[in-house]
Amino acid sequence: MTIILMRHGKPDHRATGRQSVQALADWCEAYDQSQVSDGPPPRSVAIARQATVVVCSPLPRAQSSLSQLGLQPQEIDALFSEVEVPLLRSGALELPTVCWLALLRLLWFCGYAGEAESLQHARGRASAAAERLIAHSQRGTVLLLGHGIMNKMIARELRKRGWQAEKHASSRHWSSAIYHRPFI
């Protein structure tokens, strides 16, 4: 039994310029609606084609990545969606988008969630996602077309359950992590 966690392709929404907190909120909303701007490398296509069961996040960048691979999902569920970036309520400070994203993600890992999902809740969701993928693996190789942070959190849950990594998760677009069921 094998579970493949693949990250979506490069979104067609760029992080450019300096932004206020409000402008960043608008940017994040547009990012969540973005498609992908690139096609998968041959290695990703070959890995994805091994799947018997295909599941996907409902976010457009994940679904359009699956389309680029020429695959149709058997399941689309928000359980596999990326964790939202927590936003600050107000402020006149303007920073480059990439700085905002890094700062806010760091704050999230330190416990700040604002109105976004907390780290504790995201860990619980990752645990439930791992269980769902393990259940799907009873029918064959599973491909999850998902997102960077959530895929890493799911990978951590698979390792806790004894699944062995053939290939670990990366943050690059189209990267994949491959896990095999323990044989004991």
# chains A, B, ... in the order shown; residues from 1 in each chain; ligands from 1
call {"tool": "select_by_dssp", "arguments": {"residues": "region 23-128 of chain A", "states": "strand (DSSP E)", "output": "PyMOL selection string"}}
result
chain A and resi 53-56+75-76+95-96
call {"tool": "residues_around", "arguments": {"residues": "Leu88 (chain A)", "least_positions_apart": "6", "cutoff": "10 Å", "atoms": "only C-alpha atoms", "output": "number ranges by chain"}}
result
A: 21-22, 24-25, 104, 112-115
call {"tool": "closest_atom_pairs", "arguments": {"of": "region 30-103 of chain A", "to": "region 139-163 of chain A", "cutoff": "10 Å", "atoms": "only C-alpha atoms", "output": "JSON lines"}}
result
{"residue": "A:Ile47", "atom": "CA", "partner": "A:Leu143", "partner_atom": "CA", "distance": 8.9}
{"residue": "A:Ala48", "atom": "CA", "partner": "A:Leu143", "partner_atom": "CA", "distance": 6.5}
{"residue": "A:Arg49", "atom": "CA", "partner": "A:Leu143", "partner_atom": "CA", "distance": 8.9}
{"residue": "A:Gln50", "atom": "CA", "partner": "A:Thr141", "partner_atom": "CA", "distance": 6.8}
{"residue": "A:Ala51", "atom": "CA", "partner": "A:Thr141", "partner_atom": "CA", "distance": 4.8}
{"residue": "A:Thr52", "atom": "CA", "partner": "A:Thr141", "partner_atom": "CA", "distance": 5.2}
{"residue": "A:Val53", "atom": "CA", "partner": "A:Val142", "partner_atom": "CA", "distance": 4.7}
{"residue": "A:Val54", "atom": "CA", "partner": "A:Leu143", "partner_atom": "CA", "distance": 4.9}
{"residue": "A:Val55", "atom": "CA", "partner": "A:Leu144", "partner_atom": "CA", "distance": 4.9}
{"residue": "A:Cys56", "atom": "CA", "partner": "A:Leu145", "partner_atom": "CA", "distance": 4.8}
{"residue": "A:Ser57", "atom": "CA", "partner": "A:Gly146", "partner_atom": "CA", "distance": 5.5}
{"residue": "A:Pro58", "atom": "CA", "partner": "A:Gly146", "partner_atom": "CA", "distance": 8.9}
{"residue": "A:Leu59", "atom": "CA", "partner": "A:Gly146", "partner_atom": "CA", "distance": 8.7}
{"residue": "A:Arg61", "atom": "CA", "partner": "A:Gly146", "partner_atom": "CA", "distance": 8.8}
{"residue": "A:Ala62", "atom": "CA", "partner": "A:Gly146", "partner_atom": "CA", "distance": 5.8}
{"residue": "A:Gln63", "atom": "CA", "partner": "A:Leu145", "partner_atom": "CA", "distance": 7.7}
{"residue": "A:Ser64", "atom": "CA", "partner": "A:Leu145", "partner_atom": "CA", "distance": 9.9}
{"residue": "A:Ser65", "atom": "CA", "partner": "A:Leu145", "partner_atom": "CA", "distance": 7.6}
{"residue": "A:Leu66", "atom": "CA", "partner": "A:Leu145", "partner_atom": "CA", "distance": 6.8}
{"residue": "A:Pro73", "atom": "CA", "partner": "A:Leu145", "partner_atom": "CA", "distance": 9.0}
{"residue": "A:Glu75", "atom": "CA", "partner": "A:Leu144", "partner_atom": "CA", "distance": 9.5}
{"residue": "A:Ile76", "atom": "CA", "partner": "A:Leu145", "partner_atom": "CA", "distance": 9.6}
{"residue": "A:Leu79", "atom": "CA", "partner": "A:Met150", "partner_atom": "CA", "distance": 9.4}
{"residue": "A:Phe80", "atom": "CA", "partner": "A:Gly146", "partner_atom": "CA", "distance": 6.3}
{"residue": "A:Ser81", "atom": "CA", "partner": "A:Gly146", "partner_atom": "CA", "distance": 6.7}
{"residue": "A:Glu82", "atom": "CA", "partner": "A:Met150", "partner_atom": "CA", "distance": 5.4}
{"residue": "A:Val83", "atom": "CA", "partner": "A:Met150", "partner_atom": "CA", "distance": 6.5}
{"residue": "A:Glu84", "atom": "CA", "partner": "A:Ile149", "partner_atom": "CA", "distance": 10.0}
call {"tool": "closest_residue", "arguments": {"among": "A:Arg181, A:Pro60, A:Ile4, A:His173", "to": "Gly39 (chain A)", "atoms": "only C-alpha atoms"}}
result
A:His173
call {"tool": "select_by_dssp", "arguments": {"residues": "chain A", "states": "helix (DSSP H, G or I)", "output": "number ranges by chain"}}
result
A: 21-32, 42-48, 60-68, 78-80, 97-109, 119-139, 148-160
call {"tool": "residues_around", "arguments": {"residues": "Tyr179 (chain A)", "least_positions_apart": "6", "cutoff": "6 Å", "atoms": "only C-alpha atoms", "output": "ChimeraX atom specification"}}
result
/A:2-3,163-166
call {"tool": "write_last_selection", "arguments": {"atoms": "all heavy atoms", "output": "short mmCIF file (atom, residue, chain, number, x, y, z; two decimals), in the first residue's frame"}}
result
data_model
loop_
_atom_site.label_atom_id
_atom_site.label_comp_id
_atom_site.auth_asym_id
_atom_site.auth_seq_id
_atom_site.Cartn_x
_atom_site.Cartn_y
_atom_site.Cartn_z
N THR A 2 0.50 2.20 -0.83
CA THR A 2 1.30 3.42 -1.01
C THR A 2 0.40 4.65 -0.99
O THR A 2 -0.70 4.63 -1.54
CB THR A 2 2.05 3.35 -2.36
OG1 THR A 2 2.89 2.18 -2.36
CG2 THR A 2 2.90 4.58 -2.58
N ILE A 3 0.89 5.71 -0.36
CA ILE A 3 0.22 7.01 -0.35
C ILE A 3 1.19 8.04 -0.91
O ILE A 3 2.32 8.16 -0.43
CB ILE A 3 -0.25 7.41 1.06
CG1 ILE A 3 -1.29 6.43 1.57
CG2 ILE A 3 -0.79 8.85 1.06
CD1 ILE A 3 -1.70 6.65 3.02
N TRP A 163 4.17 4.56 8.88
CA TRP A 163 4.38 4.55 7.43
C TRP A 163 5.80 5.01 7.13
O TRP A 163 6.31 5.95 7.76
CB TRP A 163 3.34 5.42 6.72
CG TRP A 163 1.99 4.77 6.68
CD1 TRP A 163 1.19 4.48 7.75
CD2 TRP A 163 1.32 4.30 5.53
NE1 TRP A 163 0.04 3.85 7.33
CE2 TRP A 163 0.08 3.74 5.97
CE3 TRP A 163 1.60 4.30 4.18
CZ2 TRP A 163 -0.84 3.18 5.10
CZ3 TRP A 163 0.67 3.76 3.30
CH2 TRP A 163 -0.53 3.20 3.77
N GLN A 164 6.42 4.36 6.17
CA GLN A 164 7.81 4.63 5.83
C GLN A 164 7.92 5.52 4.60
O GLN A 164 7.24 5.25 3.59
CB GLN A 164 8.56 3.31 5.56
CG GLN A 164 8.52 2.34 6.72
CD GLN A 164 9.25 2.87 7.93
OE1 GLN A 164 10.38 3.33 7.83
NE2 GLN A 164 8.60 2.81 9.08
N ALA A 165 8.78 6.52 4.68
CA ALA A 165 8.95 7.44 3.56
C ALA A 165 9.96 6.89 2.57
O ALA A 165 11.09 6.57 2.93
CB ALA A 165 9.42 8.80 4.06
N GLU A 166 9.54 6.77 1.33
CA GLU A 166 10.46 6.48 0.23
C GLU A 166 11.07 7.80 -0.24
O GLU A 166 12.22 7.88 -0.61
CB GLU A 166 9.69 5.83 -0.92
CG GLU A 166 10.50 5.67 -2.19
CD GLU A 166 9.65 5.17 -3.35
OE1 GLU A 166 8.70 4.40 -3.12
OE2 GLU A 166 9.93 5.58 -4.48
#
call {"tool": "atom_distance", "arguments": {"atom1": "CA of Arg18 (chain A)", "atom2": "CA of Leu101 (chain A)"}}
result
11.7 Å
call {"tool": "atom_distance", "arguments": {"atom1": "CA of Leu95 (chain A)", "atom2": "CA of Gln19 (chain A)"}}
result
5.5 Å
call {"tool": "closest_residue", "arguments": {"among": "A:Gly17, A:Gly9, A:Gly70, A:Pro40", "to": "Cys99 (chain A)", "atoms": "only C-alpha atoms"}}
result
A:Gly17
call {"tool": "decode", "arguments": {"residues": "region 76-125 of chain A", "atoms": "N, CA and C atoms", "output": "PDB file, in the first residue's frame"}}
result
ATOM      1  N   ILE A  76     -13.104  15.033  -3.557  1.00  0.00           N
ATOM      2  CA  ILE A  76     -12.627  16.399  -3.337  1.00  0.00           C
ATOM      3  C   ILE A  76     -13.141  16.798  -1.970  1.00  0.00           C
ATOM      4  N   ASP A  77     -12.228  17.172  -1.052  1.00  0.00           N
ATOM      5  CA  ASP A  77     -12.655  17.450   0.313  1.00  0.00           C
ATOM      6  C   ASP A  77     -11.799  18.554   0.928  1.00  0.00           C
ATOM      7  N   ALA A  78     -12.447  19.466   1.643  1.00  0.00           N
ATOM      8  CA  ALA A  78     -11.754  20.559   2.322  1.00  0.00           C
ATOM      9  C   ALA A  78     -10.831  20.048   3.434  1.00  0.00           C
ATOM     10  N   LEU A  79     -10.991  18.807   3.822  1.00  0.00           N
ATOM     11  CA  LEU A  79     -10.096  18.196   4.798  1.00  0.00           C
ATOM     12  C   LEU A  79      -8.645  18.320   4.334  1.00  0.00           C
ATOM     13  N   PHE A  80      -8.431  18.331   3.016  1.00  0.00           N
ATOM     14  CA  PHE A  80      -7.087  18.366   2.444  1.00  0.00           C
ATOM     15  C   PHE A  80      -6.631  19.772   2.048  1.00  0.00           C
ATOM     16  N   SER A  81      -7.438  20.800   2.332  1.00  0.00           N
ATOM     17  CA  SER A  81      -7.095  22.178   1.955  1.00  0.00           C
ATOM     18  C   SER A  81      -5.898  22.695   2.745  1.00  0.00           C
ATOM     19  N   GLU A  82      -5.252  23.692   2.168  1.00  0.00           N
ATOM     20  CA  GLU A  82      -4.132  24.339   2.848  1.00  0.00           C
ATOM     21  C   GLU A  82      -4.636  25.119   4.054  1.00  0.00           C
ATOM     22  N   VAL A  83      -3.773  25.265   5.036  1.00  0.00           N
ATOM     23  CA  VAL A  83      -4.070  26.073   6.208  1.00  0.00           C
ATOM     24  C   VAL A  83      -3.989  27.544   5.795  1.00  0.00           C
ATOM     25  N   GLU A  84      -5.013  28.314   6.136  1.00  0.00           N
ATOM     26  CA  GLU A  84      -5.025  29.734   5.797  1.00  0.00           C
ATOM     27  C   GLU A  84      -3.928  30.481   6.550  1.00  0.00           C
ATOM     28  N   VAL A  85      -3.465  31.564   5.948  1.00  0.00           N
ATOM     29  CA  VAL A  85      -2.518  32.454   6.609  1.00  0.00           C
ATOM     30  C   VAL A  85      -3.317  33.316   7.581  1.00  0.00           C
ATOM     31  N   PRO A  86      -2.916  33.390   8.860  1.00  0.00           N
ATOM     32  CA  PRO A  86      -3.656  34.248   9.791  1.00  0.00           C
ATOM     33  C   PRO A  86      -3.359  35.714   9.484  1.00  0.00           C
ATOM     34  N   LEU A  87      -4.384  36.522   9.482  1.00  0.00           N
ATOM     35  CA  LEU A  87      -4.200  37.933   9.165  1.00  0.00           C
ATOM     36  C   LEU A  87      -4.313  38.772  10.428  1.00  0.00           C
ATOM     37  N   LEU A  88      -3.665  39.904  10.419  1.00  0.00           N
ATOM     38  CA  LEU A  88      -3.784  40.863  11.511  1.00  0.00           C
ATOM     39  C   LEU A  88      -5.022  41.705  11.252  1.00  0.00           C
ATOM     40  N   ARG A  89      -5.581  42.246  12.287  1.00  0.00           N
ATOM     41  CA  ARG A  89      -6.837  42.988  12.142  1.00  0.00           C
ATOM     42  C   ARG A  89      -6.654  44.367  11.514  1.00  0.00           C
ATOM     43  N   SER A  90      -5.588  45.028  11.826  1.00  0.00           N
ATOM     44  CA  SER A  90      -5.392  46.364  11.255  1.00  0.00           C
ATOM     45  C   SER A  90      -3.915  46.722  11.294  1.00  0.00           C
ATOM     46  N   GLY A  91      -3.616  47.850  10.722  1.00  0.00           N
ATOM     47  CA  GLY A  91      -2.245  48.332  10.730  1.00  0.00           C
ATOM     48  C   GLY A  91      -1.917  49.050   9.444  1.00  0.00           C
ATOM     49  N   ALA A  92      -1.110  50.068   9.584  1.00  0.00           N
ATOM     50  CA  ALA A  92      -0.726  50.878   8.429  1.00  0.00           C
ATOM     51  C   ALA A  92       0.592  50.403   7.829  1.00  0.00           C
ATOM     52  N   LEU A  93       1.235  49.454   8.478  1.00  0.00           N
ATOM     53  CA  LEU A  93       2.517  48.956   8.014  1.00  0.00           C
ATOM     54  C   LEU A  93       2.384  48.298   6.647  1.00  0.00           C
ATOM     55  N   GLU A  94       3.285  48.627   5.753  1.00  0.00           N
ATOM     56  CA  GLU A  94       3.329  47.976   4.445  1.00  0.00           C
ATOM     57  C   GLU A  94       4.635  47.204   4.329  1.00  0.00           C
ATOM     58  N   LEU A  95       4.515  45.954   3.929  1.00  0.00           N
ATOM     59  CA  LEU A  95       5.670  45.083   3.743  1.00  0.00           C
ATOM     60  C   LEU A  95       5.541  44.377   2.399  1.00  0.00           C
ATOM     61  N   PRO A  96       6.666  43.885   1.866  1.00  0.00           N
ATOM     62  CA  PRO A  96       6.563  43.043   0.670  1.00  0.00           C
ATOM     63  C   PRO A  96       5.713  41.800   0.986  1.00  0.00           C
ATOM     64  N   THR A  97       4.962  41.337   0.016  1.00  0.00           N
ATOM     65  CA  THR A  97       4.058  40.203   0.211  1.00  0.00           C
ATOM     66  C   THR A  97       4.775  38.995   0.795  1.00  0.00           C
ATOM     67  N   VAL A  98       5.942  38.664   0.270  1.00  0.00           N
ATOM     68  CA  VAL A  98       6.661  37.482   0.773  1.00  0.00           C
ATOM     69  C   VAL A  98       7.063  37.656   2.229  1.00  0.00           C
ATOM     70  N   CYS A  99       7.373  38.874   2.645  1.00  0.00           N
ATOM     71  CA  CYS A  99       7.702  39.128   4.057  1.00  0.00           C
ATOM     72  C   CYS A  99       6.476  38.944   4.939  1.00  0.00           C
ATOM     73  N   TRP A 100       5.318  39.489   4.493  1.00  0.00           N
ATOM     74  CA  TRP A 100       4.080  39.293   5.230  1.00  0.00           C
ATOM     75  C   TRP A 100       3.791  37.804   5.395  1.00  0.00           C
ATOM     76  N   LEU A 101       3.870  37.055   4.308  1.00  0.00           N
ATOM     77  CA  LEU A 101       3.539  35.630   4.356  1.00  0.00           C
ATOM     78  C   LEU A 101       4.454  34.876   5.308  1.00  0.00           C
ATOM     79  N   ALA A 102       5.748  35.162   5.253  1.00  0.00           N
ATOM     80  CA  ALA A 102       6.699  34.489   6.144  1.00  0.00           C
ATOM     81  C   ALA A 102       6.439  34.879   7.609  1.00  0.00           C
ATOM     82  N   LEU A 103       6.230  36.151   7.860  1.00  0.00           N
ATOM     83  CA  LEU A 103       5.988  36.629   9.221  1.00  0.00           C
ATOM     84  C   LEU A 103       4.699  36.044   9.796  1.00  0.00           C
ATOM     85  N   LEU A 104       3.638  36.083   9.015  1.00  0.00           N
ATOM     86  CA  LEU A 104       2.359  35.585   9.509  1.00  0.00           C
ATOM     87  C   LEU A 104       2.367  34.070   9.694  1.00  0.00           C
ATOM     88  N   ARG A 105       3.064  33.341   8.834  1.00  0.00           N
ATOM     89  CA  ARG A 105       3.162  31.887   9.005  1.00  0.00           C
ATOM     90  C   ARG A 105       3.982  31.574  10.254  1.00  0.00           C
ATOM     91  N   LEU A 106       5.050  32.330  10.493  1.00  0.00           N
ATOM     92  CA  LEU A 106       5.849  32.139  11.710  1.00  0.00           C
ATOM     93  C   LEU A 106       4.993  32.400  12.947  1.00  0.00           C
ATOM     94  N   LEU A 107       4.220  33.488  12.932  1.00  0.00           N
ATOM     95  CA  LEU A 107       3.319  33.779  14.053  1.00  0.00           C
ATOM     96  C   LEU A 107       2.322  32.642  14.259  1.00  0.00           C
ATOM     97  N   TRP A 108       1.841  32.065  13.156  1.00  0.00           N
ATOM     98  CA  TRP A 108       0.892  30.957  13.255  1.00  0.00           C
ATOM     99  C   TRP A 108       1.534  29.757  13.955  1.00  0.00           C
ATOM    100  N   PHE A 109       2.766  29.434  13.572  1.00  0.00           N
ATOM    101  CA  PHE A 109       3.465  28.312  14.211  1.00  0.00           C
ATOM    102  C   PHE A 109       3.757  28.593  15.682  1.00  0.00           C
ATOM    103  N   CYS A 110       3.793  29.877  16.056  1.00  0.00           N
ATOM    104  CA  CYS A 110       4.022  30.266  17.456  1.00  0.00           C
ATOM    105  C   CYS A 110       2.716  30.376  18.243  1.00  0.00           C
ATOM    106  N   GLY A 111       1.576  30.158  17.585  1.00  0.00           N
ATOM    107  CA  GLY A 111       0.313  30.144  18.301  1.00  0.00           C
ATOM    108  C   GLY A 111      -0.697  31.203  17.911  1.00  0.00           C
ATOM    109  N   TYR A 112      -0.321  32.185  17.104  1.00  0.00           N
ATOM    110  CA  TYR A 112      -1.280  33.210  16.685  1.00  0.00           C
ATOM    111  C   TYR A 112      -2.087  32.703  15.493  1.00  0.00           C
ATOM    112  N   ALA A 113      -3.415  32.733  15.611  1.00  0.00           N
ATOM    113  CA  ALA A 113      -4.247  32.297  14.496  1.00  0.00           C
ATOM    114  C   ALA A 113      -5.210  33.381  14.027  1.00  0.00           C
ATOM    115  N   GLY A 114      -5.446  34.388  14.842  1.00  0.00           N
ATOM    116  CA  GLY A 114      -6.430  35.394  14.463  1.00  0.00           C
ATOM    117  C   GLY A 114      -7.754  34.710  14.201  1.00  0.00           C
ATOM    118  N   GLU A 115      -8.328  34.945  13.029  1.00  0.00           N
ATOM    119  CA  GLU A 115      -9.594  34.298  12.665  1.00  0.00           C
ATOM    120  C   GLU A 115      -9.375  33.044  11.814  1.00  0.00           C
ATOM    121  N   ALA A 116      -8.123  32.687  11.586  1.00  0.00           N
ATOM    122  CA  ALA A 116      -7.801  31.492  10.799  1.00  0.00           C
ATOM    123  C   ALA A 116      -7.786  30.255  11.706  1.00  0.00           C
ATOM    124  N   GLU A 117      -7.663  29.107  11.084  1.00  0.00           N
ATOM    125  CA  GLU A 117      -7.571  27.837  11.800  1.00  0.00           C
ATOM    126  C   GLU A 117      -6.320  27.814  12.676  1.00  0.00           C
ATOM    127  N   SER A 118      -6.449  27.338  13.899  1.00  0.00           N
ATOM    128  CA  SER A 118      -5.298  27.253  14.800  1.00  0.00           C
ATOM    129  C   SER A 118      -4.386  26.091  14.415  1.00  0.00           C
ATOM    130  N   LEU A 119      -3.155  26.135  14.894  1.00  0.00           N
ATOM    131  CA  LEU A 119      -2.202  25.051  14.667  1.00  0.00           C
ATOM    132  C   LEU A 119      -2.754  23.746  15.238  1.00  0.00           C
ATOM    133  N   GLN A 120      -3.336  23.813  16.426  1.00  0.00           N
ATOM    134  CA  GLN A 120      -3.898  22.608  17.050  1.00  0.00           C
ATOM    135  C   GLN A 120      -5.022  22.017  16.196  1.00  0.00           C
ATOM    136  N   HIS A 121      -5.901  22.864  15.692  1.00  0.00           N
ATOM    137  CA  HIS A 121      -7.000  22.373  14.850  1.00  0.00           C
ATOM    138  C   HIS A 121      -6.452  21.791  13.549  1.00  0.00           C
ATOM    139  N   ALA A 122      -5.458  22.456  12.962  1.00  0.00           N
ATOM    140  CA  ALA A 122      -4.852  21.965  11.711  1.00  0.00           C
ATOM    141  C   ALA A 122      -4.198  20.604  11.924  1.00  0.00           C
ATOM    142  N   ARG A 123      -3.566  20.415  13.077  1.00  0.00           N
ATOM    143  CA  ARG A 123      -2.972  19.102  13.380  1.00  0.00           C
ATOM    144  C   ARG A 123      -4.047  18.025  13.479  1.00  0.00           C
ATOM    145  N   GLY A 124      -5.168  18.375  14.076  1.00  0.00           N
ATOM    146  CA  GLY A 124      -6.285  17.426  14.155  1.00  0.00           C
ATOM    147  C   GLY A 124      -6.828  17.093  12.775  1.00  0.00           C
ATOM    148  N   ARG A 125      -6.923  18.108  11.928  1.00  0.00           N
ATOM    149  CA  ARG A 125      -7.394  17.889  10.557  1.00  0.00           C
ATOM    150  C   ARG A 125      -6.406  17.017   9.784  1.00  0.00           C
TER     151      ARG A 125
END
